[in-house]
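Reviewing the structure listed below.
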Amino acid sequence: MQTVKDKDLINDIKLKTDESLFLIVTNWFEYLKHEKHFSFNTISAYLSDLNFFFKFLNGFKADLVTKTLLQMLEITDFRSFFAEISEKRVANSRARTISSIKNFYKYCEKNNIFKNESIFSLKNPKLPKPLPKALNVQDTKGAISEAGLVEHYKKNSEDWVGVRDACLLQVIYACGLRISEGLSLKVGDLNNSLMLKIKGKGGKERFVPLLKEVFDNLKGLIEICPFCTNSDSYIFYGKLGKQLDPAVFQKVVRAARINLGLPETTTPHSFRHSFATHLLENSGDLRTIQELLGHASLSTTQRYTKVDTRRIISAFSSAQSN
C-alpha cells in the first residue's frame, strides 16, 4: 500500500534521477516496507529526506542524479549538504535526514550496488537530551507510596517486592541517585552509617547523606528480602533472586504514574531531577548539589535545575567565584 504522499515523492524522485537509480530507490522503498516493516510515516520521512538530498545534488552537481555520482561523492560534498539542511531544518529533522541517507547507502552496499564510505564519516548531529520535569514534593511523596502498592494489585504478590519498590524510589529521590546507582547498592554499602558511598559514572565515587528514615527502610527491606544474605548481596533483587532489572522498575514507576495521573515525564530519573530542584528551591548551594549528583561540570548541574532564573544565575556566579 502506498499513500498519496508516497506516490508524489516517488514521482518527484523519478524526475531527479536516471532510470537505473530510480529503480534502486523503488527497490529500497519495497525493502523498507516489506522486510524492515517500517511504518508508513517512517517510510514517507525517509523518501522525503532522500528527495531533498537529490534536489540538493541536482543544483550542486548534476541535472540528474546517478548511482555513479552517489558513489563518487566525497566527504566535502556531504558536509556541504549538511550545511544546507542546517539552515533549513530543525535539529531533530537534520539528524533524521542524515540517518535516512545513510540507510539508503547501507542498503546499496549490502546489495552490492555501489559503495561509498565517505557518508559514514559524517557524524550525526548531537541532539539535546530533554530532561524530565521535576515533580512537586507532594507528588513525589505520593509516587513513592504508590510504587510500594503496585505489586499488591497483582495476583500472587510478595510483600517484600512492594517494600523494595518503595525503598528504591525513595532512595533515588532522597539521595539524588541514577537508577543504575540505586540498583548497584549492596548491603555492605549501608555500613550502619548515615553516609552512603556511591560509585557513579566512570567509577567515580562520592558520598551522599542518608536520612535516618531511608536508612531504616532499607534495613527493613534487607531483613525481609530472601536474597539479602550477606554484605556482598545487592539490596534490590528481582523475584527470581537476580539483581533487579531497570526495565522492571521502570514499569513500576509507569504504573504508579498512571494510577496517580502524573505527567508522562515521570520516570525514575525524574526523581533525581526533583532532588536537585527541590534542594535549589530551598536555597541549596549549587556547588554542593553538583557534588551530591556526581556531576563533573557545574554547568551540567545547572541543566538539572529548573527554578527562578535569577536564583540560578546568582548561585552559579557565586559558585564560580569561590
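We label chains A, B, ... in the order they appear in the C-alpha cells, count residues from 1 in each chain, and number ligands from 1 in the order shown.
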
At a cut-off of 12 Å, can you tabulate as a tab-separated table every residue of stretch 156-178 of chain A near stretch 281-302 of chain A together with its closest atom pair and the distance in Å to one decimal, using only C-alpha atoms and ordering rows by chain then number?
residue	atom	partner	partner_atom	distance
A:Ile172	CA	A:Leu293	CA	10.8
A:Tyr173	CA	A:Leu293	CA	11.1
A:Ala174	CA	A:Leu292	CA	10.7
A:Cys175	CA	A:Leu292	CA	7.6
A:Gly176	CA	A:Leu293	CA	6.0
A:Leu177	CA	A:Leu293	CA	7.0
A:Arg178	CA	A:Leu293	CA	8.6

Same residues, C-alpha atoms, saved as a PDB file, in the first residue's frame:
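Dumped everything to part-v5.pdb:
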ATOM      1  CA  ILE A 172      16.740   7.603  44.341  1.00  0.00           C
ATOM      2  CA  TYR A 173      14.893  10.754  45.375  1.00  0.00           C
ATOM      3  CA  ALA A 174      16.415  11.220  48.839  1.00  0.00           C
ATOM      4  CA  CYS A 175      19.996  10.786  47.593  1.00  0.00           C
ATOM      5  CA  GLY A 176      19.699  12.037  44.015  1.00  0.00           C
ATOM      6  CA  LEU A 177      20.779   8.727  42.504  1.00  0.00           C
ATOM      7  CA  ARG A 178      20.738   7.464  38.962  1.00  0.00           C
TER       8      ARG A 178
END

>> Please extract the residues of stretch 45-202 of chain A with a backbone DSSP assignment of strand (DSSP E) and present them as a ChimeraX atom specification.
In response: /A:195-199

> Counting only C-alpha atoms, what is within 12 Å of A:Asn136, bar same-chain residues fewer than 3 positions away, as a ChimeraX atom specification?
Replying inline: /A:133,139-143,173,262-263,266,270-271,273-279,281,306-307

> With only C-alpha atoms as the basis for distance, which of A:Leu73, A:Val150, A:Cys225, A:Ile24 is at the shortest distance from A:Lys251?
Replying inline: A:Val150

>> When you count only C-alpha atoms, which of these residues is closest to A:His152: A:Val252, A:Ser39, A:Tyr237, A:Ile10?
In response: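 Counting only C-alpha atoms, the residue closest to A:His152 is A:Val252.
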
>> Could you list, as a ChimeraX atom specification, every residue within 12 Å of A:Ala147, counting only C-alpha atoms and ignoring same-chain residues fewer than 3 positions away?
In response: /A:139-144,150-153,161-170,248-260,267-268

Would you mind exporting the chosen residues as an mmCIF file, in the first residue's frame, restricted to C-alpha atoms?
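Here's the written file result-v3.cif:
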data_model
loop_
_atom_site.group_PDB
_atom_site.id
_atom_site.type_symbol
_atom_site.label_atom_id
_atom_site.label_comp_id
_atom_site.auth_asym_id
_atom_site.auth_seq_id
_atom_site.Cartn_x
_atom_site.Cartn_y
_atom_site.Cartn_z
ATOM 1 C CA ASP A 139 3.502 14.297 44.083
ATOM 2 C CA THR A 140 6.945 12.898 44.848
ATOM 3 C CA LYS A 141 5.812 11.501 48.186
ATOM 4 C CA GLY A 142 2.626 10.191 46.622
ATOM 5 C CA ALA A 143 4.559 8.390 43.884
ATOM 6 C CA ILE A 144 6.861 6.713 46.425
ATOM 7 C CA VAL A 150 1.777 -1.507 42.564
ATOM 8 C CA GLU A 151 2.797 -5.079 43.358
ATOM 9 C CA HIS A 152 -0.256 -5.549 45.606
ATOM 10 C CA TYR A 153 -2.567 -5.027 42.634
ATOM 11 C CA VAL A 161 8.610 -6.749 46.497
ATOM 12 C CA GLY A 162 6.311 -3.814 47.271
ATOM 13 C CA VAL A 163 8.679 -2.697 50.029
ATOM 14 C CA ARG A 164 11.536 -2.985 47.538
ATOM 15 C CA ASP A 165 9.846 -0.706 45.005
ATOM 16 C CA ALA A 166 9.005 1.993 47.553
ATOM 17 C CA CYS A 167 12.516 1.857 49.044
ATOM 18 C CA LEU A 168 14.236 2.108 45.668
ATOM 19 C CA LEU A 169 12.226 5.125 44.566
ATOM 20 C CA GLN A 170 12.709 6.730 47.964
ATOM 21 C CA VAL A 248 11.072 -3.965 35.719
ATOM 22 C CA PHE A 249 11.323 -0.948 37.987
ATOM 23 C CA GLN A 250 10.560 1.445 35.148
ATOM 24 C CA LYS A 251 7.277 -0.423 34.656
ATOM 25 C CA VAL A 252 6.501 0.007 38.358
ATOM 26 C CA VAL A 253 7.062 3.760 38.151
ATOM 27 C CA ARG A 254 4.987 3.932 34.970
ATOM 28 C CA ALA A 255 2.103 2.127 36.696
ATOM 29 C CA ALA A 256 2.344 4.469 39.693
ATOM 30 C CA ARG A 257 2.374 7.461 37.348
ATOM 31 C CA ILE A 258 -0.769 6.279 35.573
ATOM 32 C CA ASN A 259 -2.559 5.460 38.817
ATOM 33 C CA LEU A 260 -1.858 8.949 40.202
ATOM 34 C CA THR A 267 10.342 8.332 35.198
ATOM 35 C CA PRO A 268 12.853 7.014 37.754
#

Stretch 150-322 of chain A: residues DSSP assigns to helix (DSSP H, G or I), reported as a compact mmCIF listing (two decimals) with N, CA and C atoms, in the first residue's frame:
# COMPACT_ATOMS: atom_id res chain seq x y z
N VAL A 150 1.98 -0.96 43.91
CA VAL A 150 1.78 -1.51 42.56
C VAL A 150 1.76 -3.03 42.58
N GLU A 151 2.70 -3.62 43.32
CA GLU A 151 2.80 -5.08 43.36
C GLU A 151 1.55 -5.71 43.98
N HIS A 152 0.91 -5.00 44.91
CA HIS A 152 -0.26 -5.55 45.61
C HIS A 152 -1.47 -5.66 44.70
N TYR A 153 -1.45 -4.94 43.57
CA TYR A 153 -2.57 -5.03 42.63
C TYR A 153 -2.51 -6.31 41.82
N ASP A 159 5.07 -9.57 49.64
CA ASP A 159 5.12 -8.31 50.37
C ASP A 159 6.46 -7.59 50.23
N TRP A 160 7.55 -8.36 50.22
CA TRP A 160 8.86 -7.72 50.18
C TRP A 160 9.11 -6.97 48.87
N VAL A 161 8.42 -7.40 47.79
CA VAL A 161 8.61 -6.75 46.50
C VAL A 161 8.04 -5.33 46.52
N GLY A 162 6.88 -5.15 47.15
CA GLY A 162 6.31 -3.81 47.27
C GLY A 162 7.19 -2.91 48.12
N VAL A 163 7.75 -3.46 49.19
CA VAL A 163 8.68 -2.70 50.03
C VAL A 163 9.91 -2.31 49.22
N ARG A 164 10.38 -3.24 48.42
CA ARG A 164 11.54 -2.98 47.54
C ARG A 164 11.30 -1.79 46.63
N ASP A 165 10.14 -1.76 45.97
CA ASP A 165 9.85 -0.71 45.00
C ASP A 165 9.77 0.66 45.67
N ALA A 166 9.11 0.72 46.83
CA ALA A 166 9.00 1.99 47.55
C ALA A 166 10.38 2.45 48.04
N CYS A 167 11.18 1.52 48.53
CA CYS A 167 12.52 1.86 49.04
C CYS A 167 13.43 2.36 47.93
N LEU A 168 13.36 1.71 46.78
CA LEU A 168 14.24 2.11 45.67
C LEU A 168 13.89 3.51 45.19
N LEU A 169 12.61 3.79 45.02
CA LEU A 169 12.23 5.13 44.57
C LEU A 169 12.56 6.17 45.62
N GLN A 170 12.41 5.79 46.89
CA GLN A 170 12.71 6.73 47.96
C GLN A 170 14.20 7.07 48.02
N VAL A 171 15.06 6.07 47.86
CA VAL A 171 16.49 6.33 47.95
C VAL A 171 16.99 7.08 46.71
N ILE A 172 16.38 6.84 45.54
CA ILE A 172 16.74 7.60 44.34
C ILE A 172 16.44 9.08 44.56
N TYR A 173 15.27 9.36 45.13
CA TYR A 173 14.89 10.75 45.37
C TYR A 173 15.68 11.36 46.53
N ALA A 174 15.79 10.65 47.64
CA ALA A 174 16.41 11.22 48.84
C ALA A 174 17.91 11.45 48.67
N CYS A 175 18.55 10.67 47.78
CA CYS A 175 20.00 10.79 47.59
C CYS A 175 20.38 11.29 46.21
N ILE A 179 19.28 5.58 38.41
CA ILE A 179 18.68 4.27 38.67
C ILE A 179 19.75 3.19 38.75
N SER A 180 20.78 3.30 37.91
CA SER A 180 21.86 2.31 37.92
C SER A 180 22.61 2.33 39.25
N GLU A 181 22.75 3.52 39.84
CA GLU A 181 23.44 3.65 41.12
C GLU A 181 22.61 3.02 42.24
N GLY A 182 21.30 3.23 42.18
CA GLY A 182 20.43 2.64 43.19
C GLY A 182 20.44 1.13 43.12
N LEU A 183 20.38 0.58 41.90
CA LEU A 183 20.34 -0.86 41.73
C LEU A 183 21.67 -1.52 42.08
N VAL A 187 24.38 -4.49 50.45
CA VAL A 187 24.11 -4.45 51.88
C VAL A 187 25.27 -3.80 52.63
N GLY A 188 26.50 -4.12 52.22
CA GLY A 188 27.66 -3.57 52.90
C GLY A 188 27.84 -2.08 52.73
N ASP A 189 27.17 -1.49 51.73
CA ASP A 189 27.29 -0.05 51.50
C ASP A 189 26.63 0.77 52.60
N LEU A 190 25.66 0.17 53.30
CA LEU A 190 25.00 0.90 54.39
C LEU A 190 25.95 1.06 55.57
N LYS A 201 29.27 7.28 37.42
CA LYS A 201 29.79 7.08 36.07
C LYS A 201 31.32 7.10 36.08
N GLY A 202 31.90 6.22 35.29
CA GLY A 202 33.35 6.18 35.20
C GLY A 202 34.03 5.68 36.46
N GLY A 203 33.26 5.02 37.33
CA GLY A 203 33.82 4.51 38.58
C GLY A 203 34.11 5.58 39.61
N LYS A 212 17.76 9.18 58.16
CA LYS A 212 17.55 8.02 59.02
C LYS A 212 16.32 7.23 58.61
N GLU A 213 15.28 7.93 58.15
CA GLU A 213 14.07 7.24 57.70
C GLU A 213 14.38 6.31 56.53
N VAL A 214 15.18 6.79 55.58
CA VAL A 214 15.55 5.99 54.42
C VAL A 214 16.44 4.83 54.86
N PHE A 215 17.38 5.11 55.74
CA PHE A 215 18.28 4.08 56.27
C PHE A 215 17.48 2.96 56.93
N ASP A 216 16.52 3.34 57.78
CA ASP A 216 15.70 2.34 58.47
C ASP A 216 14.86 1.53 57.49
N ASN A 217 14.33 2.19 56.47
CA ASN A 217 13.52 1.47 55.48
C ASN A 217 14.36 0.47 54.69
N LEU A 218 15.59 0.86 54.35
CA LEU A 218 16.48 -0.05 53.63
C LEU A 218 16.84 -1.25 54.51
N LYS A 219 17.10 -0.99 55.78
CA LYS A 219 17.40 -2.08 56.72
C LYS A 219 16.20 -3.03 56.83
N GLY A 220 15.00 -2.43 56.86
CA GLY A 220 13.80 -3.26 56.94
C GLY A 220 13.64 -4.14 55.72
N LEU A 221 13.97 -3.61 54.53
CA LEU A 221 13.90 -4.39 53.30
C LEU A 221 14.89 -5.55 53.35
N ILE A 222 16.10 -5.26 53.80
CA ILE A 222 17.15 -6.28 53.87
C ILE A 222 16.71 -7.45 54.76
N GLU A 223 15.99 -7.13 55.82
CA GLU A 223 15.55 -8.17 56.76
C GLU A 223 14.51 -9.10 56.15
N ILE A 224 13.67 -8.59 55.26
CA ILE A 224 12.59 -9.42 54.73
C ILE A 224 12.87 -9.97 53.34
N PRO A 246 16.45 -2.86 35.50
CA PRO A 246 15.91 -1.50 35.45
C PRO A 246 14.54 -1.43 34.76
N ALA A 247 14.34 -2.26 33.72
CA ALA A 247 13.07 -2.23 32.98
C ALA A 247 11.90 -2.62 33.86
N VAL A 248 12.14 -3.54 34.80
CA VAL A 248 11.07 -3.96 35.72
C VAL A 248 10.66 -2.79 36.60
N PHE A 249 11.64 -2.08 37.10
CA PHE A 249 11.32 -0.95 37.99
C PHE A 249 10.71 0.21 37.21
N GLN A 250 11.15 0.39 35.98
CA GLN A 250 10.56 1.45 35.15
C GLN A 250 9.07 1.19 34.93
N LYS A 251 8.69 -0.08 34.80
CA LYS A 251 7.28 -0.42 34.66
C LYS A 251 6.51 -0.10 35.94
N VAL A 252 7.14 -0.31 37.08
CA VAL A 252 6.50 0.01 38.36
C VAL A 252 6.22 1.50 38.45
N VAL A 253 7.22 2.31 38.10
CA VAL A 253 7.06 3.76 38.15
C VAL A 253 6.01 4.21 37.15
N ARG A 254 5.99 3.59 35.98
CA ARG A 254 4.99 3.93 34.97
C ARG A 254 3.58 3.63 35.48
N ALA A 255 3.41 2.48 36.14
CA ALA A 255 2.10 2.13 36.70
C ALA A 255 1.69 3.11 37.78
N ALA A 256 2.64 3.49 38.64
CA ALA A 256 2.34 4.47 39.69
C ALA A 256 1.97 5.81 39.08
N ARG A 257 2.68 6.20 38.02
CA ARG A 257 2.37 7.46 37.35
C ARG A 257 0.96 7.46 36.80
N ILE A 258 0.57 6.37 36.16
CA ILE A 258 -0.77 6.28 35.57
C ILE A 258 -1.84 6.29 36.66
N ASN A 259 -1.58 5.54 37.72
CA ASN A 259 -2.56 5.46 38.82
C ASN A 259 -2.80 6.81 39.48
N LEU A 260 -1.75 7.65 39.53
CA LEU A 260 -1.86 8.95 40.20
C LEU A 260 -2.15 10.09 39.23
N PRO A 268 11.92 7.09 36.62
CA PRO A 268 12.85 7.01 37.75
C PRO A 268 13.84 8.18 37.78
N HIS A 269 14.31 8.61 36.60
CA HIS A 269 15.30 9.68 36.56
C HIS A 269 14.71 11.03 36.96
N SER A 270 13.41 11.19 36.79
CA SER A 270 12.80 12.47 37.16
C SER A 270 12.87 12.71 38.67
N PHE A 271 13.04 11.63 39.46
CA PHE A 271 13.14 11.80 40.91
C PHE A 271 14.53 12.28 41.31
N ARG A 272 15.53 11.93 40.54
CA ARG A 272 16.88 12.51 40.73
C ARG A 272 16.83 14.00 40.38
N HIS A 273 16.15 14.32 39.30
CA HIS A 273 15.99 15.72 38.90
C HIS A 273 15.20 16.49 39.96
N SER A 274 14.17 15.86 40.52
CA SER A 274 13.37 16.51 41.57
C SER A 274 14.22 16.78 42.81
N PHE A 275 15.09 15.85 43.15
CA PHE A 275 16.01 16.01 44.29
C PHE A 275 16.82 17.30 44.13
N ALA A 276 17.42 17.48 42.94
CA ALA A 276 18.25 18.66 42.70
C ALA A 276 17.41 19.93 42.72
N THR A 277 16.25 19.88 42.10
CA THR A 277 15.41 21.07 42.01
C THR A 277 14.90 21.49 43.37
N HIS A 278 14.45 20.53 44.17
CA HIS A 278 13.92 20.85 45.50
C HIS A 278 15.00 21.42 46.42
N LEU A 279 16.22 20.89 46.27
CA LEU A 279 17.32 21.43 47.07
C LEU A 279 17.59 22.88 46.70
N LEU A 280 17.65 23.18 45.42
CA LEU A 280 17.96 24.53 44.99
C LEU A 280 16.82 25.49 45.32
N GLU A 281 15.59 25.01 45.24
CA GLU A 281 14.44 25.85 45.59
C GLU A 281 14.47 26.25 47.05
N LEU A 286 24.63 25.48 44.81
CA LEU A 286 24.76 24.78 43.54
C LEU A 286 25.99 23.87 43.51
N ARG A 287 27.08 24.33 44.11
CA ARG A 287 28.29 23.51 44.14
C ARG A 287 28.07 22.24 44.95
N THR A 288 27.36 22.35 46.07
CA THR A 288 27.07 21.17 46.89
C THR A 288 26.19 20.19 46.13
N ILE A 289 25.18 20.73 45.44
CA ILE A 289 24.30 19.87 44.66
C ILE A 289 25.08 19.16 43.56
N GLN A 290 26.04 19.87 42.97
CA GLN A 290 26.91 19.25 41.96
C GLN A 290 27.62 18.04 42.54
N GLU A 291 28.16 18.18 43.74
CA GLU A 291 28.88 17.08 44.38
C GLU A 291 27.96 15.92 44.73
N LEU A 292 26.76 16.25 45.20
CA LEU A 292 25.81 15.21 45.56
C LEU A 292 25.35 14.41 44.35
N LEU A 293 25.21 15.09 43.22
CA LEU A 293 24.78 14.42 41.99
C LEU A 293 25.92 13.69 41.29
N LEU A 298 29.85 21.96 36.59
CA LEU A 298 28.80 22.72 37.26
C LEU A 298 27.69 23.09 36.28
N SER A 299 28.04 23.27 35.01
CA SER A 299 27.03 23.63 34.02
C SER A 299 26.03 22.50 33.82
N THR A 300 26.47 21.25 34.02
CA THR A 300 25.55 20.11 33.93
C THR A 300 24.53 20.18 35.05
N THR A 301 24.97 20.54 36.24
CA THR A 301 24.06 20.67 37.39
C THR A 301 23.04 21.75 37.13
N GLN A 302 23.47 22.82 36.48
CA GLN A 302 22.56 23.92 36.17
C GLN A 302 21.42 23.44 35.28
N ARG A 303 21.72 22.52 34.37
CA ARG A 303 20.69 22.00 33.47
C ARG A 303 19.67 21.16 34.23
N THR A 309 15.09 31.89 37.38
CA THR A 309 16.32 32.13 36.61
C THR A 309 17.31 33.00 37.37
N ARG A 310 16.83 34.00 38.05
CA ARG A 310 17.73 34.90 38.77
C ARG A 310 18.47 34.15 39.88
N ARG A 311 17.77 33.22 40.54
CA ARG A 311 18.43 32.46 41.61
C ARG A 311 19.52 31.56 41.03
N ILE A 312 19.26 30.95 39.87
CA ILE A 312 20.26 30.10 39.24
C ILE A 312 21.51 30.92 38.88
N ILE A 313 21.28 32.09 38.28
CA ILE A 313 22.41 32.94 37.87
C ILE A 313 23.22 33.37 39.09
N SER A 314 22.52 33.73 40.15
CA SER A 314 23.19 34.17 41.36
C SER A 314 24.01 33.03 41.98
N ALA A 315 23.38 31.84 42.06
CA ALA A 315 24.07 30.70 42.66
C ALA A 315 25.25 30.27 41.79
N PHE A 316 25.06 30.29 40.48
CA PHE A 316 26.12 29.89 39.54
C PHE A 316 27.30 30.84 39.64
N SER A 317 27.03 32.16 39.68
CA SER A 317 28.09 33.15 39.77
C SER A 317 28.84 33.04 41.07
N SER A 318 28.10 32.79 42.15
CA SER A 318 28.72 32.65 43.47
C SER A 318 29.64 31.44 43.50
N ALA A 319 29.17 30.33 42.92
CA ALA A 319 29.97 29.11 42.92
C ALA A 319 31.22 29.27 42.07
N GLN A 320 31.12 29.99 40.96
CA GLN A 320 32.26 30.20 40.08
C GLN A 320 33.34 31.06 40.73
N SER A 321 32.91 31.99 41.58
CA SER A 321 33.86 32.90 42.19
C SER A 321 34.57 32.29 43.40
